[in-house]
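Participant: The structure follows.
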Amino acid sequence: MFNYELKVEEWIKKGNFDDAIEYYEEKASFFPNDNSIYPKIANLYYKKGDWIKAIEFYDFSLENTPNSAHIYNNIGHIYLDKDLYPQAEENIKKAVELSPNNPYFMVNLGVTYEKMKKFNLATELFQKALDLQPHNPNFLNSLAINLSNKKDYEKSLKYQKQAVEIAPTNPQFNYNLGVTYSVLCMYEEAIKSFENVIKLIPNHENAHYNLGVNLLLLGRFEKGWFEYEWRFRFFPYIRAIYDLYWRGQSIENKIIYVHAEQGLGDTFQFSRYIKLLKKKKPRKIVLYVQEDLREFMKDFKGIDEISFTPPLKIYKDGFHVCLLSLPALFKTNEKTIPNEIPYLFADKNESEKWKKKLSNLKGLKVGIVWEPSIDSKTYDDRKVPLENFTTLFKNPKLSFVSLQKEISEKDKIFLKQNNVLDMSSQLEKFSTTAGIINNLDLIIGIDTSVIHLAGAMGKKVYLMLPIKPDWRWMLNKPTSPWYPSMKLFRQKNRNNWSNVIKEIEKNLI
């Protein structure tokens, strides 16, 4: 006798969901009270990509079995997958209420709370699930991620290590461990973790990229640049030019298109390599920069044409390269960094205009920046609360000028109370920023495009770095090989800038 259920299983394995759905829907019409059918149809619709229909059939099932925790969990999981978190919470919460000792439902609700940024509720659920299954590596991993999101990195490390000990061949657990080590400034351990991931998945792009970042931070440039090239996954349009990518071959009498990437500060920092490219005698250098920089960079020495990135059209009549690939292609190490400063200059008219406007300031003229872009991933680490500068503002030998473009109303009031000249309404163009910087004696601030611009202009800079700095500043160094006029002041404790301010005060005496 022909077994239709086996045939249906074969259809499902082959991805023939329509025939399987047709079979079960016909079966449901004959046996409308058979509640085992509706979840199967729902699951097939979900696999097919029709999540609305899937929920519809799960709802059919709930009409007959209103106390099915599994159905509520499945509905919640669909909503979670579709980023509909309140609906996910409502359904998975019912699943937990109906089956309070099911750790998998707890974890699903915990993940939902994570997405809703209700981290403490998520912690409780992950911990309860672990109490029921203390050696479940997935639960350990979930709790570790949750604690990282709460910035409790030491506890996160404890649980992430346990997850890896139980499941040493799980690449995601090893990767998460590497990220946690890196955040905690345990860079050698982070490197080992990312190398373990690469052993398990040789083409794991994130592991290669993070390995590169950690190696560069430690000053191991040769391998660091090589691994850093895996960053291309973050820039989809770069893949379109990969077959045309310059890999160091002769470009004499050829066109080379140079693409800015990442932040504005990166463009300022790595545009210095244009001079080295020029020595390769290309017929033409076209520089693509961010729209905000097109006007300021138009007169940059060495380029023949400037446009904005990403380009509207990929030209195939020459080679393409990204600015941050140039250090690798020129085999840069700490001693061979091209650091002939200045290589960026203020417009003469802008400089003269601001010279007159700032002439009334007494003493040392100091520019400050204290806050990164609000959407920066490292916003919390880099931001310095403006109140930290109070003792500096009270120094009668210093006059302060704010170079911060976006300022909260609270900070504007604080600046006014401390006689700091607020330039935010003037900073629409970088040509203006450069003109102001050119008339200041010192720039103090965090790692932003303004600091890179000042460094590239050869101005004296005091850079305030968090305990975990960006890779370009390396570790334990008071100066930067990228910018000879810059001094580095490093945090000793996370989220505490007091030692940095004190060291800056000493240097200003």
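To be explicit about the labels: the chains of the structure tokens are called A, B, and onward in the order shown, and within each one the residues are counted from 1, while ligands get numbers from 1 in the order they are shown.
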Once DSSP has gone over the backbone, tell me which residues of region 422-480 of chain A are in strand (DSSP E or B), as a list in words.

Facilitator: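 In region 422-480 of chain A, DSSP puts these residues in strand (DSSP E or B): Asp422, Leu442, Ile443, Ile444, Gly445, Ile446, Val461, Tyr462, Leu463, Met464, Leu465 and Thr479 of chain A.
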
Participant: Please provide the set of residues having any atom within 8 Å of region 447-461 of chain A, restricted to only C-alpha atoms, with same-chain residues fewer than 3 positions apart removed, written as an NGL selection string.

Facilitator: :A and (263-266 or 268-269 or 341-346 or 369 or 372 or 382 or 403 or 433-434 or 437-438 or 441-444 or 464-465 or 483-487)

Participant: Any chance you could export the current selection's N, CA and C atoms as a PDB file, in the first residue's frame?

Facilitator:
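Below is the file that was written, result.pdb:
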ATOM      1  N   GLY A 263      35.246  56.211   7.798  1.00  0.00           N
ATOM      2  CA  GLY A 263      34.921  57.548   8.278  1.00  0.00           C
ATOM      3  C   GLY A 263      35.706  58.657   7.608  1.00  0.00           C
ATOM      4  N   LEU A 264      35.301  59.890   7.919  1.00  0.00           N
ATOM      5  CA  LEU A 264      35.986  61.059   7.366  1.00  0.00           C
ATOM      6  C   LEU A 264      37.431  61.133   7.864  1.00  0.00           C
ATOM      7  N   GLY A 265      37.615  60.749   9.133  1.00  0.00           N
ATOM      8  CA  GLY A 265      38.973  60.753   9.684  1.00  0.00           C
ATOM      9  C   GLY A 265      39.897  59.801   8.944  1.00  0.00           C
ATOM     10  N   ASP A 266      39.359  58.661   8.496  1.00  0.00           N
ATOM     11  CA  ASP A 266      40.164  57.714   7.719  1.00  0.00           C
ATOM     12  C   ASP A 266      40.630  58.341   6.416  1.00  0.00           C
ATOM     13  N   PHE A 268      41.125  61.556   5.856  1.00  0.00           N
ATOM     14  CA  PHE A 268      42.195  62.499   6.189  1.00  0.00           C
ATOM     15  C   PHE A 268      43.507  61.759   6.464  1.00  0.00           C
ATOM     16  N   GLN A 269      43.424  60.670   7.227  1.00  0.00           N
ATOM     17  CA  GLN A 269      44.647  59.976   7.634  1.00  0.00           C
ATOM     18  C   GLN A 269      45.366  59.306   6.473  1.00  0.00           C
ATOM     19  N   ILE A 341      54.476  65.914   7.475  1.00  0.00           N
ATOM     20  CA  ILE A 341      53.362  66.756   7.896  1.00  0.00           C
ATOM     21  C   ILE A 341      53.776  68.226   7.730  1.00  0.00           C
ATOM     22  N   PRO A 342      52.894  69.111   7.294  1.00  0.00           N
ATOM     23  CA  PRO A 342      51.488  68.883   6.953  1.00  0.00           C
ATOM     24  C   PRO A 342      51.298  68.410   5.509  1.00  0.00           C
ATOM     25  N   TYR A 343      50.171  67.753   5.263  1.00  0.00           N
ATOM     26  CA  TYR A 343      49.788  67.414   3.895  1.00  0.00           C
ATOM     27  C   TYR A 343      48.351  67.846   3.596  1.00  0.00           C
ATOM     28  N   LEU A 344      47.673  68.373   4.625  1.00  0.00           N
ATOM     29  CA  LEU A 344      46.383  69.032   4.420  1.00  0.00           C
ATOM     30  C   LEU A 344      46.516  70.481   4.877  1.00  0.00           C
ATOM     31  N   PHE A 345      45.872  71.389   4.141  1.00  0.00           N
ATOM     32  CA  PHE A 345      46.071  72.815   4.391  1.00  0.00           C
ATOM     33  C   PHE A 345      44.743  73.564   4.402  1.00  0.00           C
ATOM     34  N   ALA A 346      44.720  74.606   5.215  1.00  0.00           N
ATOM     35  CA  ALA A 346      43.545  75.472   5.256  1.00  0.00           C
ATOM     36  C   ALA A 346      43.565  76.418   4.069  1.00  0.00           C
ATOM     37  N   VAL A 369      37.130  69.036  21.163  1.00  0.00           N
ATOM     38  CA  VAL A 369      36.051  68.150  20.708  1.00  0.00           C
ATOM     39  C   VAL A 369      35.933  67.043  21.740  1.00  0.00           C
ATOM     40  N   PRO A 372      31.806  61.860  19.973  1.00  0.00           N
ATOM     41  CA  PRO A 372      31.739  61.307  18.618  1.00  0.00           C
ATOM     42  C   PRO A 372      30.317  61.354  18.084  1.00  0.00           C
ATOM     43  N   ARG A 382      34.155  56.507  23.788  1.00  0.00           N
ATOM     44  CA  ARG A 382      34.939  57.691  23.395  1.00  0.00           C
ATOM     45  C   ARG A 382      34.426  59.000  23.990  1.00  0.00           C
ATOM     46  N   LEU A 403      35.031  73.032  18.778  1.00  0.00           N
ATOM     47  CA  LEU A 403      35.006  72.592  17.382  1.00  0.00           C
ATOM     48  C   LEU A 403      33.996  71.475  17.177  1.00  0.00           C
ATOM     49  N   THR A 433      36.268  74.619   9.248  1.00  0.00           N
ATOM     50  CA  THR A 433      36.935  73.969  10.393  1.00  0.00           C
ATOM     51  C   THR A 433      38.444  74.101  10.280  1.00  0.00           C
ATOM     52  N   ALA A 434      38.963  73.859   9.076  1.00  0.00           N
ATOM     53  CA  ALA A 434      40.420  73.960   8.862  1.00  0.00           C
ATOM     54  C   ALA A 434      40.908  75.391   9.068  1.00  0.00           C
ATOM     55  N   ILE A 437      41.032  75.927  12.832  1.00  0.00           N
ATOM     56  CA  ILE A 437      42.141  75.160  13.401  1.00  0.00           C
ATOM     57  C   ILE A 437      43.476  75.833  13.134  1.00  0.00           C
ATOM     58  N   ASN A 438      43.609  76.395  11.939  1.00  0.00           N
ATOM     59  CA  ASN A 438      44.878  77.021  11.551  1.00  0.00           C
ATOM     60  C   ASN A 438      45.240  78.204  12.443  1.00  0.00           C
ATOM     61  N   ASP A 441      46.316  77.290  18.766  1.00  0.00           N
ATOM     62  CA  ASP A 441      47.644  76.819  19.188  1.00  0.00           C
ATOM     63  C   ASP A 441      47.648  75.331  19.527  1.00  0.00           C
ATOM     64  N   LEU A 442      46.491  74.816  19.929  1.00  0.00           N
ATOM     65  CA  LEU A 442      46.413  73.438  20.413  1.00  0.00           C
ATOM     66  C   LEU A 442      44.988  72.927  20.221  1.00  0.00           C
ATOM     67  N   ILE A 443      44.880  71.645  19.868  1.00  0.00           N
ATOM     68  CA  ILE A 443      43.580  70.989  19.787  1.00  0.00           C
ATOM     69  C   ILE A 443      43.571  69.852  20.803  1.00  0.00           C
ATOM     70  N   ILE A 444      42.558  69.832  21.663  1.00  0.00           N
ATOM     71  CA  ILE A 444      42.396  68.760  22.651  1.00  0.00           C
ATOM     72  C   ILE A 444      41.089  68.045  22.341  1.00  0.00           C
ATOM     73  N   MET A 464      42.755  62.287  23.436  1.00  0.00           N
ATOM     74  CA  MET A 464      42.251  61.556  24.603  1.00  0.00           C
ATOM     75  C   MET A 464      41.731  60.200  24.146  1.00  0.00           C
ATOM     76  N   LEU A 465      42.345  59.132  24.638  1.00  0.00           N
ATOM     77  CA  LEU A 465      42.007  57.786  24.177  1.00  0.00           C
ATOM     78  C   LEU A 465      41.367  56.942  25.273  1.00  0.00           C
ATOM     79  N   TYR A 483      51.115  60.924  13.232  1.00  0.00           N
ATOM     80  CA  TYR A 483      51.056  62.376  13.364  1.00  0.00           C
ATOM     81  C   TYR A 483      52.124  62.841  14.358  1.00  0.00           C
ATOM     82  N   PRO A 484      53.255  63.323  13.899  1.00  0.00           N
ATOM     83  CA  PRO A 484      54.358  63.706  14.794  1.00  0.00           C
ATOM     84  C   PRO A 484      54.013  64.823  15.778  1.00  0.00           C
ATOM     85  N   SER A 485      53.008  65.641  15.467  1.00  0.00           N
ATOM     86  CA  SER A 485      52.677  66.777  16.339  1.00  0.00           C
ATOM     87  C   SER A 485      51.646  66.404  17.402  1.00  0.00           C
ATOM     88  N   MET A 486      51.370  65.114  17.558  1.00  0.00           N
ATOM     89  CA  MET A 486      50.291  64.659  18.430  1.00  0.00           C
ATOM     90  C   MET A 486      50.833  63.938  19.664  1.00  0.00           C
ATOM     91  N   LYS A 487      50.236  64.241  20.819  1.00  0.00           N
ATOM     92  CA  LYS A 487      50.512  63.499  22.048  1.00  0.00           C
ATOM     93  C   LYS A 487      49.271  62.689  22.417  1.00  0.00           C
TER      94      LYS A 487
END

Participant: Need to verify the contact set: region 241-246 of chain A, 10 Å, only C-alpha atoms, exclusion of same-chain residues closer than 3 positions in sequence. Can you return it as a list of chain:residue names?

Facilitator: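 Neighbouring residues, sequence-local ones excluded: A:Phe232, A:Pro236, A:Tyr237, A:Ile238, A:Gln249, A:Ser250, A:Ile251, A:Ile256, A:Tyr257, A:Val258, A:Ile314, A:Tyr315, A:Lys316, A:Asp317, A:Gly318, A:Phe319, A:His320, A:Val321, A:Cys322, A:Ser325, A:Leu326, A:Leu329.
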
Participant: Write out as an MDAnalysis selection string which residues come within 9 Å of region 412-415 of chain A when counting only C-alpha atoms, dropping same-chain ones fewer than 5 positions away.

Facilitator: chainID A and resid 386:387 402 407 420:422

Participant: With N, CA and C atoms retained, write the just-selected residues as an mmCIF file, in the first residue's frame.

Facilitator:
data_model
loop_
_atom_site.group_PDB
_atom_site.id
_atom_site.type_symbol
_atom_site.label_atom_id
_atom_site.label_comp_id
_atom_site.auth_asym_id
_atom_site.auth_seq_id
_atom_site.Cartn_x
_atom_site.Cartn_y
_atom_site.Cartn_z
ATOM 1 N N LEU A 386 31.318 66.704 29.163
ATOM 2 C CA LEU A 386 31.924 68.037 29.072
ATOM 3 C C LEU A 386 32.378 68.558 30.430
ATOM 4 N N GLU A 387 31.705 68.129 31.497
ATOM 5 C CA GLU A 387 32.064 68.588 32.841
ATOM 6 C C GLU A 387 33.497 68.222 33.214
ATOM 7 N N SER A 402 35.125 75.744 20.942
ATOM 8 C CA SER A 402 34.499 74.449 20.685
ATOM 9 C C SER A 402 34.450 74.172 19.191
ATOM 10 N N ILE A 407 25.906 69.797 19.200
ATOM 11 C CA ILE A 407 26.010 70.036 20.641
ATOM 12 C C ILE A 407 24.614 70.050 21.251
ATOM 13 N N VAL A 420 33.454 79.441 26.868
ATOM 14 C CA VAL A 420 34.011 78.707 25.727
ATOM 15 C C VAL A 420 33.277 79.170 24.473
ATOM 16 N N LEU A 421 34.021 79.554 23.466
ATOM 17 C CA LEU A 421 33.439 80.044 22.218
ATOM 18 C C LEU A 421 32.851 78.877 21.436
ATOM 19 N N ASP A 422 31.550 78.888 21.250
ATOM 20 C CA ASP A 422 30.842 77.811 20.552
ATOM 21 C C ASP A 422 30.795 78.118 19.059
#

Participant: Write out as a list in words the residues lying within 6 Å of Ala122 (chain A), counting only C-alpha atoms and excluding same-chain residues fewer than 5 positions away.

Facilitator: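 Those residues are Gly110, Tyr113 and Glu114 of chain A.
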
Participant: Give the helix (DSSP H, G or I) residues of region 211-394 of chain A, as DSSP finds them on the backbone, and put them as a count of residues only.

Facilitator: 80

Participant: Can you tell me, as a list in words, what residues are no more than 6 Å from region 210-218 of chain A when counting only C-alpha atoms, ignoring any on the same chain fewer than 2 positions away?

Facilitator: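 Here the qualifying residues turn out to be Ile191, Phe194, Ala207, His208, Arg220, Phe221, Gly224, Glu227, Tyr228, Trp471 and Met474 of chain A.
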
Participant: For a test of reading the model, state the distance in Å between CA of Thr123 (chain A) and CA of Cys185 (chain A), rounded to one decimal.

Facilitator: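 Distance reported for this atom pair: 24.3 Å.
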
Participant: Region 133-147 of chain A: which residues within 10 Å, counting only C-alpha atoms, same-chain residues fewer than 6 positions away excluded, as a ChimeraX atom specification?

Facilitator: /A:103-104,106-108,110-111,113-114,117-120,122-127,153-168,170,172-173,176-177,180

Participant: When you count only C-alpha atoms, which of these residues is closest to Phe308 (chain A): A:Ile75, A:Leu287, A:Met116, A:Leu463?

Facilitator: A:Leu287

Participant: Distance CA of Asn419 (chain A)-CA of Glu406 (chain A), one decimal place?

Facilitator: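 These atoms are spaced 18.2 Å apart.
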
Participant: Looking at only C-alpha atoms, which of A:Tyr45, A:Lys82, A:Ile92, A:Tyr273 is the one that sits closest to Glu340 (chain A)?

Facilitator: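 The shortest atom-to-atom distance to Glu340 (chain A) comes from A:Tyr273.
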
Participant: Calculated over only C-alpha atoms, which of the candidates A:Asp292, A:Lys254, A:Glu261, A:Phe60 has the smallest distance to Phe235 (chain A)?

Facilitator: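 When distances to Phe235 (chain A) are compared using only C-alpha atoms, the smallest one comes from A:Glu261.
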